[in-house]
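> Provided herewith is a single structure, encoded as structure tokens, for subsequent inquiry.
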Amino acid sequence: MAGWAVQSVDRDDADAIAGASMVVVDGQDQPPLSPGNRIVAAIVEGSLVPSFPADLVIDAKQGIGPITEIFSQWLPPDIERLERMEAMLGRQGLWPVVQGLRAELQRAVDGADGVDAHKMAGLAGTLGFAAVSASWQAVDQGTGDAATARRDSRTALVVIDRWLSEAP
């Protein structure tokens with residue numbers, strides 16, 4: 001489950017595009033994305049500006065080296081701890097807790113007011129999402145910024161969505 005799942009999809013496959021976390025924009029013809037899509041990174045040609053929000057926009061002409069280094073920041077987290085908890089508690093027992101974290105992370109990513117950074121850090125840490133926990137803990141302590149915490153939350157959402165989509 002760790003890492004990115006890469007697939008080529010037809011421009012008209014709305015479901016596949018809606019589930020994308022990263023896109024490559026080939027030419028001026030941009031994919032039909034809504035503001036609700038969680039696009040972590042977009043690879044574009046030249047000075048093209050995406051018509052959708054993305055954490056990172058990369059010029060394809062930079063070559064693979066800089067792109068690989070940048071993408072390593074957005075790798076989905078490891079879920080070893082979550083899998084251990086699933087083995088102990090059972091998937092059905094863990095399901096509501098993971099759904100709760102997912103809902104809170106989504107609220108934060110959407111920019112909702114009143115996000116409880118302390119609660120977010122604790123729940124993410126309990127379920128093994130160390131980077132998300134550290135980011136929200138830094139926000140709670142006034143030493144971090146919410147943009148980084150939201151970025152880390154988006155990468156965790158990629159993994160959580162995959163985990164939740166597996167049949168219990």
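Ligands are numbered from 1 in the order shown, chains are lettered A, B, ... in the order of the structure tokens, and residues start at 1 in each chain.
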Within 12 Å of Gln141 of chain A, counting only C-alpha atoms, which residues qualify if same-chain residues fewer than 4 places away don't, as a PDB file with N, CA and C atoms, in the first residue's frame?

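Output file part-v8.pdb is given in full below:
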```pdb
ATOM      1  N   ASP A 116      -8.892  21.129  15.541  1.00  0.00           N
ATOM      2  CA  ASP A 116      -8.201  20.929  16.809  1.00  0.00           C
ATOM      3  C   ASP A 116      -6.866  20.242  16.525  1.00  0.00           C
ATOM      4  N   ALA A 117      -5.793  21.043  16.447  1.00  0.00           N
ATOM      5  CA  ALA A 117      -4.476  20.511  16.091  1.00  0.00           C
ATOM      6  C   ALA A 117      -3.993  19.486  17.111  1.00  0.00           C
ATOM      7  N   HIS A 118      -4.282  19.701  18.383  1.00  0.00           N
ATOM      8  CA  HIS A 118      -3.855  18.771  19.427  1.00  0.00           C
ATOM      9  C   HIS A 118      -4.537  17.404  19.246  1.00  0.00           C
ATOM     10  N   ALA A 121      -3.153  15.664  16.123  1.00  0.00           N
ATOM     11  CA  ALA A 121      -1.823  15.090  16.362  1.00  0.00           C
ATOM     12  C   ALA A 121      -1.930  13.789  17.137  1.00  0.00           C
ATOM     13  N   ALA A 134       3.328  14.773  13.863  1.00  0.00           N
ATOM     14  CA  ALA A 134       4.361  15.772  14.151  1.00  0.00           C
ATOM     15  C   ALA A 134       3.989  17.134  13.579  1.00  0.00           C
ATOM     16  N   SER A 135       3.427  17.148  12.381  1.00  0.00           N
ATOM     17  CA  SER A 135       3.040  18.423  11.766  1.00  0.00           C
ATOM     18  C   SER A 135       1.960  19.134  12.570  1.00  0.00           C
ATOM     19  N   TRP A 136       0.921  18.368  12.970  1.00  0.00           N
ATOM     20  CA  TRP A 136      -0.164  18.983  13.740  1.00  0.00           C
ATOM     21  C   TRP A 136       0.294  19.328  15.150  1.00  0.00           C
ATOM     22  N   GLN A 137       1.219  18.558  15.711  1.00  0.00           N
ATOM     23  CA  GLN A 137       1.749  18.895  17.028  1.00  0.00           C
ATOM     24  C   GLN A 137       2.511  20.216  16.962  1.00  0.00           C
ATOM     25  N   ASP A 145       3.539  25.262  10.652  1.00  0.00           N
ATOM     26  CA  ASP A 145       2.523  25.970   9.876  1.00  0.00           C
ATOM     27  C   ASP A 145       1.456  24.997   9.377  1.00  0.00           C
ATOM     28  N   ALA A 146       0.257  25.514   9.262  1.00  0.00           N
ATOM     29  CA  ALA A 146      -0.886  24.692   8.863  1.00  0.00           C
ATOM     30  C   ALA A 146      -0.742  24.172   7.439  1.00  0.00           C
TER      31      ALA A 146
END
```
> Interatomic distance between atom CA of Glu45 of chain A and atom CA of Ala14 of chain A?
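Those two atoms sit 22.7 Å apart.
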> When distances are computed from only C-alpha atoms, which of A:Thr155, A:Thr148, A:Ser47, A:Gln62 shows the smallest separation from Ile79 of chain A?
A:Thr155
> Would you mind telling me which residue in A:Ala130, A:Leu82, A:Ala147, A:Val98 lies nearest to Gly111 of chain A when using only C-alpha atoms?
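Nearest candidate to Gly111 of chain A out of A:Ala130, A:Leu82, A:Ala147, A:Val98: A:Ala147.
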> Identify, with DSSP run on backbone atoms, the residues in segment 54-146 of chain A assigned to helix (DSSP H, G or I), and express the list as a PyMOL selection string.
chain A and resi 60-62+64-74+80-89+91-109+117-126+130-141+146
> Calculated over only C-alpha atoms, which of the candidates A:Ala131, A:Val24, A:Ile43, A:Leu105 has the smallest distance to Lys119 of chain A?
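Of A:Ala131, A:Val24, A:Ile43, A:Leu105, the one nearest Lys119 of chain A is A:Leu105, counting only C-alpha atoms.
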> Mind pulling up the distance from atom CA of Gln92 of chain A to atom CA of Val115 of chain A?
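Atom-to-atom, atom CA of Val115 of chain A and atom CA of Gln92 of chain A are spaced 26.6 Å apart.
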> Name the residues in contact with Val132 of chain A at a cut-off of 12 Å, using only C-alpha atoms, excluding same-chain residues fewer than 4 positions from it; report them as a PyMOL selection string.
chain A and resi 74+76-78+101-102+104-105+108-109+117-128+136-139+144+146-157
> If we count only C-alpha atoms, what is near Ala41 of chain A at a cut-off of 6 Å, once residues fewer than 6 positions away on the same chain are taken out, given as number ranges by chain?
A: 22, 54-57
